[in-house]
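Undergrad: What follows is final_1.txt, made up of compact mmCIF, C-alpha atoms:
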# COMPACT_ATOMS: atom_id res chain seq x y z
CA MET A 1168 -10.79 -8.29 -16.73
CA LYS A 1169 -13.04 -5.24 -17.05
CA ILE A 1170 -13.02 -2.64 -14.31
CA ASP A 1171 -15.16 0.36 -13.42
CA LEU A 1172 -12.53 2.81 -12.25
CA LEU A 1173 -8.84 3.16 -13.15
CA ALA A 1174 -6.41 5.63 -11.59
CA ILE A 1175 -3.30 6.41 -13.65
CA ALA A 1176 -0.27 8.04 -12.01
CA ALA A 1177 3.46 8.48 -12.51
CA HIS A 1178 4.81 6.75 -9.39
CA PRO A 1179 3.84 4.13 -6.83
CA ASP A 1180 2.20 6.03 -3.91
CA ASP A 1181 0.85 8.91 -6.07
CA VAL A 1182 -2.65 7.43 -6.20
CA GLU A 1183 -2.67 6.66 -2.46
CA LEU A 1184 -1.78 10.28 -1.66
CA THR A 1185 -4.20 11.98 -4.05
CA SER A 1186 -7.21 9.70 -4.47
CA GLY A 1187 -6.69 6.69 -2.23
CA GLY A 1188 -9.78 7.37 -0.15
CA THR A 1189 -11.93 7.66 -3.25
CA MET A 1190 -10.53 4.43 -4.70
CA LEU A 1191 -11.34 2.63 -1.46
CA LYS A 1192 -14.81 4.15 -1.25
CA MET A 1193 -15.64 3.01 -4.77
CA ALA A 1194 -14.33 -0.50 -4.06
CA GLN A 1195 -16.47 -0.64 -0.92
CA ALA A 1196 -19.45 0.40 -3.04
CA GLY A 1197 -18.94 -2.71 -5.15
CA TYR A 1198 -17.03 -1.28 -8.11
CA ARG A 1199 -13.99 -3.00 -9.59
CA THR A 1200 -11.06 -0.62 -9.30
CA GLY A 1201 -7.54 -0.54 -10.70
CA ILE A 1202 -4.29 1.42 -10.53
CA LEU A 1203 -1.80 1.89 -13.35
CA ASP A 1204 1.60 3.19 -12.19
CA LEU A 1205 3.68 4.37 -15.12
CA THR A 1206 7.11 4.08 -13.45
CA LYS A 1207 8.73 2.19 -10.59
CA GLY A 1208 10.14 5.35 -9.00
CA GLU A 1209 13.66 4.08 -9.53
CA THR A 1210 15.37 7.49 -9.45
CA GLY A 1211 13.93 8.38 -6.04
CA THR A 1212 16.34 8.98 -3.19
CA ARG A 1213 14.65 6.44 -0.94
CA GLY A 1214 13.86 2.80 -1.47
CA THR A 1215 14.47 0.64 -4.52
CA PRO A 1216 12.18 -0.36 -7.41
CA GLU A 1217 11.78 -3.81 -5.87
CA ILE A 1218 10.87 -2.41 -2.45
CA ARG A 1219 8.41 0.08 -3.93
CA LEU A 1220 6.68 -2.62 -5.97
CA ARG A 1221 6.19 -4.69 -2.82
CA GLU A 1222 4.89 -1.63 -0.98
CA ALA A 1223 2.52 -0.88 -3.87
CA ALA A 1224 1.11 -4.40 -3.71
CA ARG A 1225 0.49 -4.04 0.05
CA ALA A 1226 -1.17 -0.66 -0.43
CA ALA A 1227 -3.38 -2.05 -3.20
CA LYS A 1228 -4.69 -4.74 -0.84
CA ILE A 1229 -5.49 -2.12 1.79
CA LEU A 1230 -7.41 -0.08 -0.81
CA LYS A 1231 -9.18 -3.24 -2.07
CA VAL A 1232 -7.92 -2.64 -5.60
CA SER A 1233 -8.87 -5.40 -8.07
CA VAL A 1234 -5.83 -4.96 -10.33
CA ARG A 1235 -2.60 -2.99 -10.18
CA ARG A 1236 -0.11 -2.71 -13.02
CA ASN A 1237 3.25 -1.00 -13.50
CA LEU A 1238 4.36 -0.14 -17.04
CA GLY A 1239 8.00 0.27 -16.02
CA LEU A 1240 8.48 3.49 -17.99
CA PRO A 1241 11.59 5.54 -17.08
CA ASP A 1242 11.16 7.45 -13.84
CA ALA A 1243 11.97 11.20 -14.00
CA ARG A 1244 12.12 10.85 -17.79
CA LEU A 1245 8.48 10.57 -18.78
CA GLU A 1246 7.77 12.39 -22.01
CA MET A 1247 5.25 12.38 -24.83
CA ARG A 1248 6.50 9.39 -26.78
CA GLU A 1249 4.43 7.24 -29.12
CA GLU A 1250 5.40 3.97 -27.48
CA TYR A 1251 4.36 5.27 -24.04
CA LYS A 1252 0.92 6.30 -25.31
CA MET A 1253 0.51 2.93 -27.03
CA ALA A 1254 1.41 1.06 -23.85
CA ILE A 1255 -1.28 2.94 -21.93
CA ALA A 1256 -3.81 2.48 -24.74
CA GLU A 1257 -3.25 -1.28 -24.64
CA VAL A 1258 -4.03 -1.37 -20.91
CA ILE A 1259 -7.14 0.75 -21.47
CA ARG A 1260 -8.36 -1.71 -24.12
CA GLU A 1261 -7.69 -4.64 -21.82
CA LEU A 1262 -9.29 -3.26 -18.65
CA GLN A 1263 -12.00 -1.13 -20.32
CA PRO A 1264 -12.51 1.27 -17.39
CA HIS A 1265 -15.68 3.34 -17.42
CA THR A 1266 -13.98 6.14 -15.46
CA VAL A 1267 -10.31 7.16 -15.36
CA ILE A 1268 -8.60 9.38 -12.77
CA LEU A 1269 -5.56 11.31 -14.03
CA PRO A 1270 -3.18 13.72 -12.30
CA TYR A 1271 -3.93 17.42 -12.85
CA TRP A 1272 -2.24 18.67 -16.01
CA GLU A 1273 -0.02 21.24 -14.25
CA ALA A 1274 2.48 20.17 -11.60
CA ARG A 1275 5.91 20.86 -10.09
CA HIS A 1276 7.18 17.38 -10.98
CA PRO A 1277 7.47 16.89 -14.76
CA ASP A 1278 6.47 13.22 -14.43
CA HIS A 1279 3.11 14.26 -13.01
CA TYR A 1280 2.06 16.55 -15.85
CA HIS A 1281 3.49 14.15 -18.42
CA ALA A 1282 1.49 11.33 -16.80
CA SER A 1283 -1.64 13.45 -17.18
CA ALA A 1284 -1.06 14.09 -20.88
CA LEU A 1285 0.05 10.53 -21.60
CA GLY A 1286 -2.98 9.16 -19.78
CA TYR A 1287 -5.39 11.39 -21.71
CA GLU A 1288 -3.88 10.57 -25.08
CA GLY A 1289 -3.68 6.87 -24.24
CA CYS A 1290 -7.40 6.89 -23.40
CA PHE A 1291 -8.22 8.68 -26.63
CA LEU A 1292 -6.04 6.51 -28.85
CA ALA A 1293 -7.47 3.32 -27.35
CA GLY A 1294 -10.76 4.18 -29.06
CA LEU A 1295 -9.27 4.25 -32.56
CA LYS A 1296 -10.32 1.05 -34.29
CA ARG A 1297 -7.19 0.78 -36.43
CA LEU A 1298 -4.69 1.55 -33.70
CA PRO A 1299 -1.96 -1.13 -33.98
CA VAL A 1300 -2.17 -2.48 -30.41
CA GLU A 1301 -3.84 -5.54 -28.91
CA GLY A 1302 -7.52 -5.52 -28.04
CA GLU A 1303 -10.75 -4.10 -29.36
CA ALA A 1304 -11.24 -0.36 -29.64
CA PHE A 1305 -12.46 1.14 -26.36
CA ARG A 1306 -12.58 4.62 -24.88
CA PRO A 1307 -13.46 5.48 -21.25
CA PHE A 1308 -16.68 7.40 -20.66
CA LYS A 1309 -15.39 9.82 -18.02
CA ILE A 1310 -12.02 11.37 -17.16
CA LEU A 1311 -11.47 13.00 -13.77
CA TYR A 1312 -8.43 14.98 -12.70
CA SER A 1313 -7.14 14.74 -9.15
CA THR A 1314 -6.34 18.26 -7.95
CA ALA A 1315 -4.92 17.44 -4.52
CA TYR A 1316 -1.50 18.83 -5.53
CA ALA A 1317 -2.89 21.72 -7.59
CA ASN A 1318 -3.77 25.25 -6.56
CA VAL A 1319 -7.08 25.22 -8.44
CA ARG A 1320 -10.71 25.13 -7.38
CA PRO A 1321 -12.05 21.58 -7.80
CA THR A 1322 -15.32 20.77 -9.54
CA PHE A 1323 -16.35 18.47 -6.69
CA VAL A 1324 -15.01 16.83 -3.52
CA VAL A 1325 -15.54 13.22 -2.43
CA ASP A 1326 -16.29 12.62 1.25
CA ILE A 1327 -13.66 10.13 2.44
CA SER A 1328 -14.23 10.52 6.18
CA ALA A 1329 -15.09 6.83 6.59
CA GLN A 1330 -12.11 5.81 4.47
CA TYR A 1331 -9.55 8.20 5.93
CA GLU A 1332 -7.84 5.88 8.42
CA GLN A 1333 -7.55 3.08 5.88
CA ARG A 1334 -6.18 5.54 3.32
CA LYS A 1335 -3.56 6.55 5.88
CA ARG A 1336 -2.59 2.88 6.29
CA ALA A 1337 -2.22 2.56 2.53
CA ILE A 1338 0.07 5.60 2.40
CA LEU A 1339 2.18 4.35 5.30
CA ALA A 1340 2.52 0.99 3.54
CA TYR A 1341 5.28 2.83 1.68
CA GLY A 1342 7.62 2.58 4.61
CA SER A 1343 10.66 3.36 2.47
CA GLN A 1344 9.16 6.76 1.64
CA PHE A 1345 7.20 7.87 4.68
CA LYS A 1346 8.91 6.16 7.62
CA PRO A 1347 12.48 7.27 6.98
CA THR A 1348 15.29 6.91 9.47
CA SER A 1349 17.61 9.19 7.50
CA SER A 1350 17.98 12.95 7.72
CA LYS A 1351 15.56 15.25 5.96
CA LYS A 1352 18.39 16.29 3.71
CA LYS A 1353 20.60 14.08 1.65
CA GLY A 1354 23.29 15.38 -0.66
CA GLY A 1355 22.14 18.94 0.04
CA VAL A 1356 18.68 18.32 -1.49
CA HIS A 1357 15.62 18.84 0.66
CA LEU A 1358 13.21 15.93 0.41
CA GLY A 1359 9.60 17.04 0.40
CA LEU A 1360 8.60 13.48 1.31
CA ASP A 1361 9.32 14.31 4.93
CA GLU A 1362 6.35 16.68 5.04
CA LEU A 1363 4.25 15.26 2.21
CA HIS A 1364 2.26 12.75 4.24
CA ASP A 1365 1.24 15.39 6.80
CA GLU A 1366 0.51 17.93 4.06
CA MET A 1367 -1.80 15.54 2.23
CA ASN A 1368 -3.65 14.79 5.46
CA GLN A 1369 -4.07 18.52 6.06
CA LEU A 1370 -5.39 18.95 2.54
CA ALA A 1371 -7.90 16.14 3.09
CA ARG A 1372 -9.10 17.97 6.18
CA HIS A 1373 -9.27 21.27 4.28
CA TYR A 1374 -11.35 19.87 1.42
CA GLY A 1375 -13.54 17.98 3.85
CA GLN A 1376 -14.34 21.22 5.67
CA MET A 1377 -15.25 22.85 2.36
CA ILE A 1378 -18.11 20.36 1.92
CA GLY A 1379 -19.07 20.10 5.58
CA VAL A 1380 -17.44 16.74 6.37
CA ARG A 1381 -14.24 15.71 8.11
CA TYR A 1382 -12.07 14.59 5.18
CA GLY A 1383 -12.34 14.95 1.41
CA GLU A 1384 -10.48 14.46 -1.87
CA PRO A 1385 -10.83 17.05 -4.68
CA PHE A 1386 -11.39 16.39 -8.38
CA LEU A 1387 -11.91 18.46 -11.51
CA VAL A 1388 -13.69 17.71 -14.77
CA LYS A 1389 -13.35 19.76 -17.96
CA GLU A 1390 -16.96 19.35 -19.03
CA LEU A 1391 -20.07 20.64 -17.25
CA MET A 1392 -21.60 18.60 -14.46
CA LYS A 1393 -25.19 17.41 -14.89
CA VAL A 1394 -27.62 17.66 -11.96
CA ASP A 1395 -31.10 16.12 -12.14
CA ASP A 1396 -32.48 17.09 -8.74
CA ILE A 1397 -31.52 20.56 -7.57
CA VAL A 1398 -33.66 20.23 -4.42
CA LYS A 1399 -31.51 17.38 -3.08
CA MET A 1400 -28.12 18.96 -3.81
CA GLU A 1401 -25.73 18.58 -0.89
CA VAL A 1402 -23.46 21.14 0.86
CA ARG A 1403 -25.13 24.15 2.50
CA SER A 1404 -25.02 27.58 0.91
CA LEU A 1405 -26.04 29.49 4.05
Could the structure of this file be written out as structure tokens, please?
TA:
Amino acid sequence: MKIDLLAIAAHPDDVELTSGGTMLKMAQAGYRTGILDLTKGETGTRGTPEIRLREAARAAKILKVSVRRNLGLPDARLEMREEYKMAIAEVIRELQPHTVILPYWEARHPDHYHASALGYEGCFLAGLKRLPVEGEAFRPFKILYSTAYANVRPTFVVDISAQYEQRKRAILAYGSQFKPTSSKKKGGVHLGLDELHDEMNQLARHYGQMIGVRYGEPFLVKELMKVDDIVKMEVRSL
């Protein structure tokens, strides 16, 4: 199965929170989309790996994702290991995505910045002809970084106003995480999950306002953007 767009993230629900609207928008445009979760989130305070996998499958249907995989790497213990890179490279060779979305390379949670580096290196290694993993050599054309969690200026913002409500449904499909009945504190540790859903919605509103729409999701690319028609560029300057 070849896909057009693949989002790689550390935990189930990361993609929904940071780029779920964009994934849905691309699927609605006719592209084949996929999600690769690196871990099952088994060290999280809420839910279980089994529950989170079921929630991830429900969310994927809401976002019209063509394929969703989970590598089952150790949650809260992601690191730059050869076997982790190889596992990602094998999926890249199998799915052959034209574009890959990665987490931004700086983050509070170590799993997030490790997922970014592992994803990048997995994409690069997949293009080495003699790499000892299954499949033919393949390397994605474009890598985007989701900056929803990051305090950086994005390169561009995707208008997800039409997809916002469905994105919200996909996020709330993770009932174990975002519909808790327990206290906001457990074992003396504050759980940011209690505010995360609302914060991400506020961010979507913020980035939407920056481009003159209701809701948006921000992304960054390391290379320059190419523009062919500067007369038809969107977003007002004055």
Undergrad: Have a look at A:Val1258, A:Val1402, A:Leu1285, A:Met1168 and name the one nearest to Phe1305 (chain A); count all atoms listed in the file.
TA: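 Smallest distance to Phe1305 (chain A) is found for A:Val1258.
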Undergrad: As a list in words, please: the residues near Ser1404 (chain A) (cut-off 12 Å, all atoms listed in the file, same-chain neighbours under 4 positions excluded).
TA: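 So, after excluding close chain neighbours, the residues are Met1377, Ile1378, Gly1379 and Met1400 of chain A.
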Undergrad: Kindly assemble as a Markdown table a list of the region 1227-1275 of chain A residues that lie within 8 Å of region 1325-1344 of chain A, each paired with its nearest atom pair and their distance in Å to one decimal, using all atoms listed in the file, sorted first by chain and then by ascending residue number.
TA:
| residue | atom | partner | partner_atom | distance |
| --- | --- | --- | --- | --- |
| A:Ala1227 | CA | A:Ala1337 | CA | 7.4 |
| A:Ile1229 | CA | A:Ala1337 | CA | 5.8 |
| A:Leu1230 | CA | A:Ala1337 | CA | 6.7 |
Undergrad: Could you please take those selected residues and save C-alpha atoms as a PDB file, keeping the file's coordinate frame?
TA:
ATOM      1  CA  ALA A1227      -3.380  -2.050  -3.200  1.00  0.00           C
ATOM      2  CA  ILE A1229      -5.490  -2.120   1.790  1.00  0.00           C
ATOM      3  CA  LEU A1230      -7.410  -0.080  -0.810  1.00  0.00           C
TER       4      LEU A1230
END
Undergrad: Looking at all atoms listed in the file, which of A:His1178, A:Leu1391, A:Tyr1312, A:Glu1222 is the one that sits closest to Thr1210 (chain A)?
TA: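 Once distances to Thr1210 (chain A) are computed over all atoms listed in the file, the minimum belongs to A:His1178.
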Undergrad: Give me the residues near His1373 (chain A) as a list in words, where near means some atom within 9 Å (using all atoms listed in the file) and where sequence neighbours in that chain fewer than 4 positions away do not count.
TA: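 Once the adjacent positions are removed, what remains is Asn1368, Gln1369, Met1377, Arg1381, Tyr1382 and Gly1383 of chain A.
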Undergrad: What is the distance, in Å and to one decimal place, between CA of His1281 (chain A) and CA of Met1247 (chain A)?
TA: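 The value is 6.9 Å.
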Undergrad: If I put a ball of radius 12 Å at (-19.1, -0.8, -4.5) in the file's coordinates, which residues poke into it when counting only C-alpha atoms, written as an mmCIF file with C-alpha atoms, keeping the file's coordinate frame?
TA:
data_model
loop_
_atom_site.group_PDB
_atom_site.id
_atom_site.type_symbol
_atom_site.label_atom_id
_atom_site.label_comp_id
_atom_site.auth_asym_id
_atom_site.auth_seq_id
_atom_site.Cartn_x
_atom_site.Cartn_y
_atom_site.Cartn_z
ATOM 1 C CA ILE A 1170 -13.020 -2.640 -14.310
ATOM 2 C CA ASP A 1171 -15.160 0.360 -13.420
ATOM 3 C CA LEU A 1172 -12.530 2.810 -12.250
ATOM 4 C CA THR A 1189 -11.930 7.660 -3.250
ATOM 5 C CA MET A 1190 -10.530 4.430 -4.700
ATOM 6 C CA LEU A 1191 -11.340 2.630 -1.460
ATOM 7 C CA LYS A 1192 -14.810 4.150 -1.250
ATOM 8 C CA MET A 1193 -15.640 3.010 -4.770
ATOM 9 C CA ALA A 1194 -14.330 -0.500 -4.060
ATOM 10 C CA GLN A 1195 -16.470 -0.640 -0.920
ATOM 11 C CA ALA A 1196 -19.450 0.400 -3.040
ATOM 12 C CA GLY A 1197 -18.940 -2.710 -5.150
ATOM 13 C CA TYR A 1198 -17.030 -1.280 -8.110
ATOM 14 C CA ARG A 1199 -13.990 -3.000 -9.590
ATOM 15 C CA THR A 1200 -11.060 -0.620 -9.300
ATOM 16 C CA LYS A 1231 -9.180 -3.240 -2.070
ATOM 17 C CA VAL A 1232 -7.920 -2.640 -5.600
ATOM 18 C CA SER A 1233 -8.870 -5.400 -8.070
#
Undergrad: CA of Pro1179 (chain A) and CA of Gln1376 (chain A) are how many Å apart?
TA: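 For CA of Pro1179 (chain A) relative to CA of Gln1376 (chain A), the distance reads 27.9 Å.
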